[in-house]
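**Q** Below is data10.cif; it holds mmCIF, N, CA and C atoms.
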data_work
#
loop_
_atom_site.group_PDB
_atom_site.id
_atom_site.type_symbol
_atom_site.label_atom_id
_atom_site.label_comp_id
_atom_site.auth_asym_id
_atom_site.auth_seq_id
_atom_site.Cartn_x
_atom_site.Cartn_y
_atom_site.Cartn_z
ATOM 1 N N MET U 1 4.464 -11.306 7.570
ATOM 2 C CA MET U 1 4.208 -10.043 6.920
ATOM 3 C C MET U 1 3.068 -10.215 5.936
ATOM 4 N N LYS U 2 2.234 -9.234 5.862
ATOM 5 C CA LYS U 2 1.123 -9.256 4.917
ATOM 6 C C LYS U 2 1.565 -8.639 3.594
ATOM 7 N N TYR U 3 0.851 -9.005 2.537
ATOM 8 C CA TYR U 3 1.151 -8.503 1.200
ATOM 9 C C TYR U 3 1.166 -6.977 1.176
ATOM 10 N N GLU U 4 0.148 -6.366 1.775
ATOM 11 C CA GLU U 4 0.031 -4.911 1.758
ATOM 12 C C GLU U 4 1.227 -4.245 2.447
ATOM 13 N N GLU U 5 1.688 -4.845 3.540
ATOM 14 C CA GLU U 5 2.848 -4.302 4.253
ATOM 15 C C GLU U 5 4.105 -4.398 3.392
ATOM 16 N N ALA U 6 4.264 -5.530 2.726
ATOM 17 C CA ALA U 6 5.430 -5.732 1.871
ATOM 18 C C ALA U 6 5.407 -4.754 0.700
ATOM 19 N N LEU U 7 4.247 -4.581 0.103
ATOM 20 C CA LEU U 7 4.116 -3.666 -1.025
ATOM 21 C C LEU U 7 4.391 -2.227 -0.593
ATOM 22 N N GLU U 8 3.884 -1.849 0.564
ATOM 23 C CA GLU U 8 4.124 -0.499 1.079
ATOM 24 C C GLU U 8 5.616 -0.260 1.330
ATOM 25 N N ARG U 9 6.290 -1.243 1.913
ATOM 26 C CA ARG U 9 7.725 -1.124 2.168
ATOM 27 C C ARG U 9 8.498 -1.026 0.856
ATOM 28 N N LEU U 10 8.095 -1.836 -0.118
ATOM 29 C CA LEU U 10 8.739 -1.804 -1.426
ATOM 30 C C LEU U 10 8.565 -0.428 -2.069
ATOM 31 N N GLN U 11 7.375 0.125 -1.987
ATOM 32 C CA GLN U 11 7.127 1.451 -2.546
ATOM 33 C C GLN U 11 7.974 2.518 -1.851
ATOM 34 N N THR U 12 8.162 2.370 -0.557
ATOM 35 C CA THR U 12 8.993 3.306 0.197
ATOM 36 C C THR U 12 10.447 3.228 -0.259
ATOM 37 N N ILE U 13 10.936 2.017 -0.421
ATOM 38 C CA ILE U 13 12.319 1.830 -0.879
ATOM 39 C C ILE U 13 12.517 2.477 -2.246
ATOM 40 N N VAL U 14 11.601 2.206 -3.163
ATOM 41 C CA VAL U 14 11.703 2.755 -4.517
ATOM 42 C C VAL U 14 11.653 4.287 -4.481
ATOM 43 N N ALA U 15 10.722 4.824 -3.707
ATOM 44 C CA ALA U 15 10.596 6.283 -3.609
ATOM 45 C C ALA U 15 11.863 6.909 -3.041
ATOM 46 N N ASP U 16 12.434 6.283 -2.012
ATOM 47 C CA ASP U 16 13.669 6.798 -1.413
ATOM 48 C C ASP U 16 14.808 6.802 -2.426
ATOM 49 N N ILE U 17 14.907 5.739 -3.203
ATOM 50 C CA ILE U 17 15.964 5.656 -4.220
ATOM 51 C C ILE U 17 15.734 6.715 -5.297
ATOM 52 N N GLU U 18 14.495 6.856 -5.750
ATOM 53 C CA GLU U 18 14.195 7.834 -6.796
ATOM 54 C C GLU U 18 14.468 9.266 -6.340
ATOM 55 N N ARG U 19 14.229 9.556 -5.068
ATOM 56 C CA ARG U 19 14.459 10.900 -4.533
ATOM 57 C C ARG U 19 15.917 11.121 -4.146
ATOM 58 N N GLY U 20 16.724 10.093 -4.265
ATOM 59 C CA GLY U 20 18.129 10.206 -3.906
ATOM 60 C C GLY U 20 18.354 10.205 -2.405
ATOM 61 N N GLU U 21 17.413 9.661 -1.650
ATOM 62 C CA GLU U 21 17.526 9.636 -0.200
ATOM 63 C C GLU U 21 18.247 8.392 0.317
ATOM 64 N N THR U 22 18.654 7.529 -0.574
ATOM 65 C CA THR U 22 19.411 6.335 -0.192
ATOM 66 C C THR U 22 20.859 6.570 -0.593
ATOM 67 N N ASN U 23 21.740 6.608 0.398
ATOM 68 C CA ASN U 23 23.140 6.852 0.058
ATOM 69 C C ASN U 23 23.774 5.580 -0.505
ATOM 70 N N VAL U 24 24.936 5.728 -1.044
ATOM 71 C CA VAL U 24 25.632 4.627 -1.719
ATOM 72 C C VAL U 24 25.847 3.450 -0.776
ATOM 73 N N ASP U 25 26.154 3.733 0.472
ATOM 74 C CA ASP U 25 26.406 2.662 1.433
ATOM 75 C C ASP U 25 25.153 1.839 1.718
ATOM 76 N N GLU U 26 23.990 2.454 1.640
ATOM 77 C CA GLU U 26 22.726 1.758 1.924
ATOM 78 C C GLU U 26 22.086 1.160 0.677
ATOM 79 N N LEU U 27 22.525 1.573 -0.482
ATOM 80 C CA LEU U 27 21.876 1.172 -1.730
ATOM 81 C C LEU U 27 21.836 -0.342 -1.926
ATOM 82 N N ALA U 28 22.946 -1.017 -1.709
ATOM 83 C CA ALA U 28 22.982 -2.465 -1.916
ATOM 84 C C ALA U 28 22.010 -3.166 -0.969
ATOM 85 N N GLU U 29 21.977 -2.753 0.289
ATOM 86 C CA GLU U 29 21.053 -3.360 1.252
ATOM 87 C C GLU U 29 19.600 -3.086 0.874
ATOM 88 N N SER U 30 19.335 -1.873 0.419
ATOM 89 C CA SER U 30 17.972 -1.526 0.002
ATOM 90 C C SER U 30 17.540 -2.369 -1.194
ATOM 91 N N LEU U 31 18.453 -2.568 -2.128
ATOM 92 C CA LEU U 31 18.130 -3.382 -3.298
ATOM 93 C C LEU U 31 17.912 -4.845 -2.925
ATOM 94 N N LYS U 32 18.699 -5.355 -1.984
ATOM 95 C CA LYS U 32 18.497 -6.735 -1.515
ATOM 96 C C LYS U 32 17.137 -6.877 -0.849
ATOM 97 N N GLU U 33 16.782 -5.907 -0.019
ATOM 98 C CA GLU U 33 15.477 -5.945 0.643
ATOM 99 C C GLU U 33 14.357 -5.853 -0.388
ATOM 100 N N ALA U 34 14.516 -4.975 -1.372
ATOM 101 C CA ALA U 34 13.504 -4.829 -2.417
ATOM 102 C C ALA U 34 13.326 -6.133 -3.189
ATOM 103 N N LYS U 35 14.423 -6.782 -3.518
ATOM 104 C CA LYS U 35 14.351 -8.052 -4.249
ATOM 105 C C LYS U 35 13.603 -9.100 -3.419
ATOM 106 N N SER U 36 13.909 -9.163 -2.144
ATOM 107 C CA SER U 36 13.238 -10.103 -1.254
ATOM 108 C C SER U 36 11.735 -9.813 -1.172
ATOM 109 N N LEU U 37 11.385 -8.548 -1.101
ATOM 110 C CA LEU U 37 9.972 -8.160 -1.043
ATOM 111 C C LEU U 37 9.242 -8.498 -2.343
ATOM 112 N N ILE U 38 9.924 -8.308 -3.463
ATOM 113 C CA ILE U 38 9.326 -8.654 -4.758
ATOM 114 C C ILE U 38 9.035 -10.148 -4.829
ATOM 115 N N VAL U 39 9.978 -10.961 -4.401
ATOM 116 C CA VAL U 39 9.788 -12.415 -4.391
ATOM 117 C C VAL U 39 8.615 -12.780 -3.480
ATOM 118 N N PHE U 40 8.572 -12.184 -2.297
ATOM 119 C CA PHE U 40 7.492 -12.435 -1.343
ATOM 120 C C PHE U 40 6.137 -12.087 -1.954
ATOM 121 N N CYS U 41 6.026 -10.908 -2.553
ATOM 122 C CA CYS U 41 4.761 -10.465 -3.143
ATOM 123 C C CYS U 41 4.354 -11.359 -4.310
ATOM 124 N N LYS U 42 5.319 -11.729 -5.126
ATOM 125 C CA LYS U 42 5.036 -12.595 -6.268
ATOM 126 C C LYS U 42 4.498 -13.946 -5.792
ATOM 127 N N GLU U 43 5.123 -14.512 -4.765
ATOM 128 C CA GLU U 43 4.662 -15.800 -4.229
ATOM 129 C C GLU U 43 3.252 -15.685 -3.643
ATOM 130 N N LYS U 44 2.981 -14.595 -2.947
ATOM 131 C CA LYS U 44 1.642 -14.375 -2.384
ATOM 132 C C LYS U 44 0.600 -14.299 -3.493
ATOM 133 N N LEU U 45 0.901 -13.549 -4.532
ATOM 134 C CA LEU U 45 -0.039 -13.401 -5.646
ATOM 135 C C LEU U 45 -0.273 -14.734 -6.355
ATOM 136 N N GLN U 46 0.780 -15.508 -6.532
ATOM 137 C CA GLN U 46 0.635 -16.813 -7.177
ATOM 138 C C GLN U 46 -0.221 -17.750 -6.326
ATOM 139 N N LYS U 47 -0.059 -17.689 -5.015
ATOM 140 C CA LYS U 47 -0.860 -18.516 -4.103
ATOM 141 C C LYS U 47 -2.324 -18.131 -4.186
ATOM 142 N N VAL U 48 -2.597 -16.839 -4.163
ATOM 143 C CA VAL U 48 -3.985 -16.374 -4.244
ATOM 144 C C VAL U 48 -4.586 -16.757 -5.585
ATOM 145 N N GLU U 49 -3.828 -16.594 -6.650
ATOM 146 C CA GLU U 49 -4.313 -16.965 -7.973
ATOM 147 C C GLU U 49 -4.673 -18.453 -8.012
ATOM 148 N N SER U 50 -3.820 -19.279 -7.448
ATOM 149 C CA SER U 50 -4.069 -20.716 -7.400
ATOM 150 C C SER U 50 -5.314 -21.028 -6.569
ATOM 151 N N ASP U 51 -5.446 -20.380 -5.422
ATOM 152 C CA ASP U 51 -6.618 -20.593 -4.561
ATOM 153 C C ASP U 51 -7.904 -20.195 -5.265
ATOM 154 N N VAL U 52 -7.890 -19.061 -5.941
ATOM 155 C CA VAL U 52 -9.084 -18.596 -6.659
ATOM 156 C C VAL U 52 -9.425 -19.559 -7.788
ATOM 157 N N LYS U 53 -8.406 -20.013 -8.510
ATOM 158 C CA LYS U 53 -8.645 -20.963 -9.593
ATOM 159 C C LYS U 53 -9.279 -22.242 -9.056
ATOM 160 N N ASN U 54 -8.763 -22.734 -7.923
ATOM 161 C CA ASN U 54 -9.324 -23.950 -7.327
ATOM 162 C C ASN U 54 -10.763 -23.746 -6.904
ATOM 163 N N ILE U 55 -11.056 -22.593 -6.331
ATOM 164 C CA ILE U 55 -12.425 -22.304 -5.907
ATOM 165 C C ILE U 55 -13.364 -22.243 -7.097
ATOM 166 N N LEU U 56 -12.922 -21.605 -8.154
ATOM 167 C CA LEU U 56 -13.765 -21.463 -9.339
ATOM 168 C C LEU U 56 -13.940 -22.788 -10.090
ATOM 169 N N ASP U 57 -12.952 -23.656 -9.992
ATOM 170 C CA ASP U 57 -13.027 -24.953 -10.670
ATOM 171 C C ASP U 57 -13.939 -25.931 -9.959
ATOM 172 N N ASP U 58 -14.228 -25.698 -8.688
ATOM 173 C CA ASP U 58 -15.091 -26.607 -7.922
ATOM 174 C C ASP U 58 -16.545 -26.458 -8.300
#
Can you present the structure in this file as structure tokens?
**A**
Amino acid sequence: MKYEEALERLQTIVADIERGETNVDELAESLKEAKSLIVFCKEKLQKVESDVKNILDD
């Protein structure tokens, strides 16, 4: 999965929850997926930050 895809999915989950389109039965699963996407995006950003730092340090 690409960062942009993960971010888009995360935004969809948040929007659905804010609009009340996620029922109680789906809420826990949606939150688990959102947490996983946040971790994925954070790791991607940290990797890119590290790569850019290495490039600039050379």
**Q** Got a sec: who's within 12 Å of Ser36 of chain U, counting only C-alpha atoms, leaving out chain neighbours fewer than 3 positions off, as a list in words?
**A**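 Answer for this query is Ala6, Leu7, Arg9, Leu10, Ile13, Glu29, Ser30, Leu31, Lys32, Glu33, Val39, Phe40, Cys41, Lys42 and Glu43 of chain U.
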**Q** In Å, how far is it from atom CA of Asp25 of chain U to atom N of Ile38 of chain U?
**A**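 Separating atom CA of Asp25 of chain U from atom N of Ile38 of chain U is a distance of 20.4 Å.
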**Q** How many Å lie between atom C of Glu26 of chain U and atom CA of Lys44 of chain U, rounded to one decimal?
**A**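 So the answer is 25.9 Å.
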**Q** Could you state the separation of atom N of Gln11 of chain U and atom CA of Glu49 of chain U in Å, given to one decimal place?
**A**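 Computed distance, atom N of Gln11 of chain U to atom CA of Glu49 of chain U, equals 21.6 Å.
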**Q** So which residues touch Glu8 of chain U within 12 Å, counting only C-alpha atoms, skipping near sequence neighbours fewer than 4 positions away, as a PyMOL selection string?
**A** chain U and resi 1-4+12-15+34+37-38+41
